[in-house]
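Reviewing the structure listed below.
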Amino acid sequence: MKELPAVFRVFAYLSLLTVGGGMAAFPEMKILTVEVHHWLTFPQLVHLYSVGQMAPGPNMMMIVSIGEWAAGILGAIVAVFAFFGPTSLLTLLVGRLWNRLVSWPWRNSIQDGLAPVSIGLLLAGCFTFARGAVTGFDTAAIAVGTLLILLRYKVNPALLVLAAAIIGVLSF
Amino acid sequence: MNEITNTSTTQMMPTSSPVASPATVLQIFLEFLLIGATSFGGGVVAYLRNGLITKRGWLDDKSFVELLSISQSLPGLNSTNMAILVGDKLRGLSGALAGIVGMCLPGGLLMFAVGMVYRQHGDHPLATAALKGVAAAAVGLILATAVQLGKKSLEHVADAVFVLATIIGVNRLHFSVLTVLLVVGIIATFWYRPGVERKRSASS
């Protein structure tokens, strides 16, 4: 119970960083949930995040698992409200003001400027994540293989992730 | 088809949205619940397009693209931001709530269960072996997303500089993501400031 305020603070803060996608917040998520609050270990965070990619719906619902670990079922609920509440409110307000913003010249500037930054944040998050996920030749081969297949063929990524799980078990 | 015309006559509630909409709050909730439960493998946008435009006819292509562009330029996940914007457009605040709750509920319940199972059995050797493969594949998946986004929106040398500056700021210099987002974001926005002939979103 005493962790609830921290769960709220952490996930509300992380949500504001998710520009261009959830991965942008990953480096900070690692620092706050693993190093500062010790709710889980880095390998556990990497595992939960990866499993979350296979789940349907928004790809960051693993915050539910972290919230539950930190503070039980209330922690799970608080994590969801903190992570989706503030950004949803902002989106609602901006959405309603959008018609007025259409003629605002800086709107295009912000969109153009944030495009490369959000790709940079995606990659920065990916490199942080990869430090926990790519640990040797075998995992590097799976990562590169997945990348090449996705760039070349139109496959449902969930199937590739599932295949990688099977490869993992078989090579065990 | 029939149910859509029927419900448009039954005004569920006084709506703050400007257009009278054929969708009820319940229908919005159920459609997003369905998308939230079936959109395996990321790419929720494709599922949204299929459900909202093709199947339900609640939006046309143009407003879908416009709402998506709002979603992408704000913090928050695309999928949940879209649920808010589409719900609000169709039925005001209650529509927005119905949309986001429906969107998050299936995956949230699933990850709640997964988290509990993983906490108890995650250190089982077979689970560790499978998760090792899953995590490695996730790296490839994220890189593929970055490549696809990059092809679409990186055009100038300056863009590459902003991408690199962001990565170095976070991974090498260990600034907080917020600091890097604000500093590089403001510099990049100023680089593409109004009146400077660099911009590419002239089409929008």
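We name chains A, B, ... following the order of the structure tokens; residues begin at 1 in each chain, and ligands are numbered from 1 as shown.
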
Open item on the list: So that I can see what lies close to Leu148 (chain A), please list as a list in words the residues with an atom at most 12 Å from it, counting only C-alpha atoms and leaving out residues fewer than 4 positions away in the same chain.
Closed with: Ala141, Ile142, Ala143, Val144, Arg152, Tyr153, Lys154, Val155, Pro157 and Leu160 of chain A; Ala137, Val139, Gly140, Leu141, Ile142, Leu143, Ala144, Thr145 and Val147 of chain B

With C-alpha atoms kept, could you save the residues just selected as a short mmCIF file (atom, residue, chain, number, x, y, z; two decimals), in the first residue's frame?
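Here's the written file result_6.cif:
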data_model
loop_
_atom_site.label_atom_id
_atom_site.label_comp_id
_atom_site.auth_asym_id
_atom_site.auth_seq_id
_atom_site.Cartn_x
_atom_site.Cartn_y
_atom_site.Cartn_z
CA ALA A 141 20.81 -14.09 -34.57
CA ILE A 142 17.13 -14.17 -33.56
CA ALA A 143 16.98 -10.36 -33.38
CA VAL A 144 18.60 -9.86 -36.80
CA ARG A 152 11.14 -8.21 -46.42
CA TYR A 153 7.84 -9.99 -45.86
CA LYS A 154 4.41 -9.05 -44.57
CA VAL A 155 4.08 -11.33 -41.53
CA PRO A 157 4.97 -9.96 -35.82
CA LEU A 160 7.55 -14.34 -35.35
CA ALA B 137 12.62 -11.19 -31.35
CA VAL B 139 14.50 -6.27 -30.46
CA GLY B 140 14.13 -7.15 -34.14
CA LEU B 141 10.51 -6.01 -34.05
CA ILE B 142 11.37 -2.62 -32.57
CA LEU B 143 14.22 -2.09 -35.04
CA ALA B 144 11.88 -2.93 -37.93
CA THR B 145 9.43 -0.30 -36.65
CA VAL B 147 13.34 1.48 -40.04
#

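Excluding region 101-108 of chain B and any residue on its chain fewer than 3 positions from it, the residues at most 7 Å away by only C-alpha atoms are Ala55, Pro56, Gly57, Pro58, Met61 and Val64 of chain A; Phe29, Leu30, Phe32, Leu33, Ile35, Gly36, Ala37, Thr80, Ala83, Leu97, Ala98, Met111 and Phe112 of chain B.
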
Please save C-alpha atoms of the selected residues as a compact mmCIF listing (two decimals), in the first residue's frame.
# COMPACT_ATOMS: atom_id res chain seq x y z
CA ALA A 55 -0.68 -9.29 -26.08
CA PRO A 56 -3.48 -7.62 -28.05
CA GLY A 57 -4.35 -3.96 -27.60
CA PRO A 58 -1.98 -1.17 -26.52
CA MET A 61 -0.19 -3.08 -20.89
CA VAL A 64 -0.36 -3.62 -15.19
CA PHE B 29 -17.22 0.37 -26.16
CA LEU B 30 -17.87 -2.96 -27.88
CA PHE B 32 -12.92 -0.90 -29.14
CA LEU B 33 -13.20 -3.94 -26.88
CA ILE B 35 -10.10 -4.26 -31.40
CA GLY B 36 -8.40 -4.35 -27.99
CA ALA B 37 -8.94 -8.11 -27.81
CA THR B 80 -5.20 4.86 -26.73
CA ALA B 83 -9.58 5.63 -28.80
CA LEU B 97 -14.15 6.92 -21.98
CA ALA B 98 -15.94 3.98 -23.61
CA MET B 111 -1.17 -8.91 -18.61
CA PHE B 112 -2.52 -8.95 -15.04

Task: Pick from B:Gly133, B:Pro125, B:Gly99, B:Gly51, whichever lies nearest to chain A using only C-alpha atoms - done: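 Answer, going by the shortest atom-to-atom distance: B:Gly133.
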
TODO: Identify, on the basis of only C-alpha atoms, every residue whose closest approach to Ala130 (chain A) does not exceed 9 Å; exclude the query and any residue fewer than 5 positions from it along the same chain; express the result as a list in words.
DONE: Val46, Gly125 and Thr135 of chain A; Ala135, Ala136, Ala138 and Val139 of chain B

Can you spit out the residues from that selection as a compact mmCIF listing (two decimals), in the first residue's frame, using N, CA and C atoms?
# COMPACT_ATOMS: atom_id res chain seq x y z
N VAL A 46 12.60 -6.81 -18.98
CA VAL A 46 12.76 -7.16 -20.39
C VAL A 46 11.77 -8.26 -20.79
N GLY A 125 15.59 3.67 -26.70
CA GLY A 125 14.90 2.69 -25.87
C GLY A 125 15.26 1.28 -26.30
N THR A 135 22.09 -11.20 -25.52
CA THR A 135 23.15 -11.51 -24.57
C THR A 135 24.23 -12.41 -25.16
N ALA B 135 12.32 -12.13 -26.13
CA ALA B 135 12.95 -10.82 -25.95
C ALA B 135 13.84 -10.47 -27.13
N ALA B 136 14.57 -11.47 -27.63
CA ALA B 136 15.44 -11.21 -28.79
C ALA B 136 14.61 -10.83 -30.01
N ALA B 138 11.74 -9.40 -29.94
CA ALA B 138 11.20 -8.06 -29.70
C ALA B 138 12.18 -6.98 -30.16
N VAL B 139 13.49 -7.23 -29.98
CA VAL B 139 14.50 -6.27 -30.46
C VAL B 139 14.38 -6.10 -31.98

Task: Surrounding residues of Ser71 (chain B) excluding itself and chain neighbours under 5 positions, 8 Å, only C-alpha atoms, as a VMD selection string - done: (chain A and resid 91) or (chain B and resid 76 to 78 81 to 82)
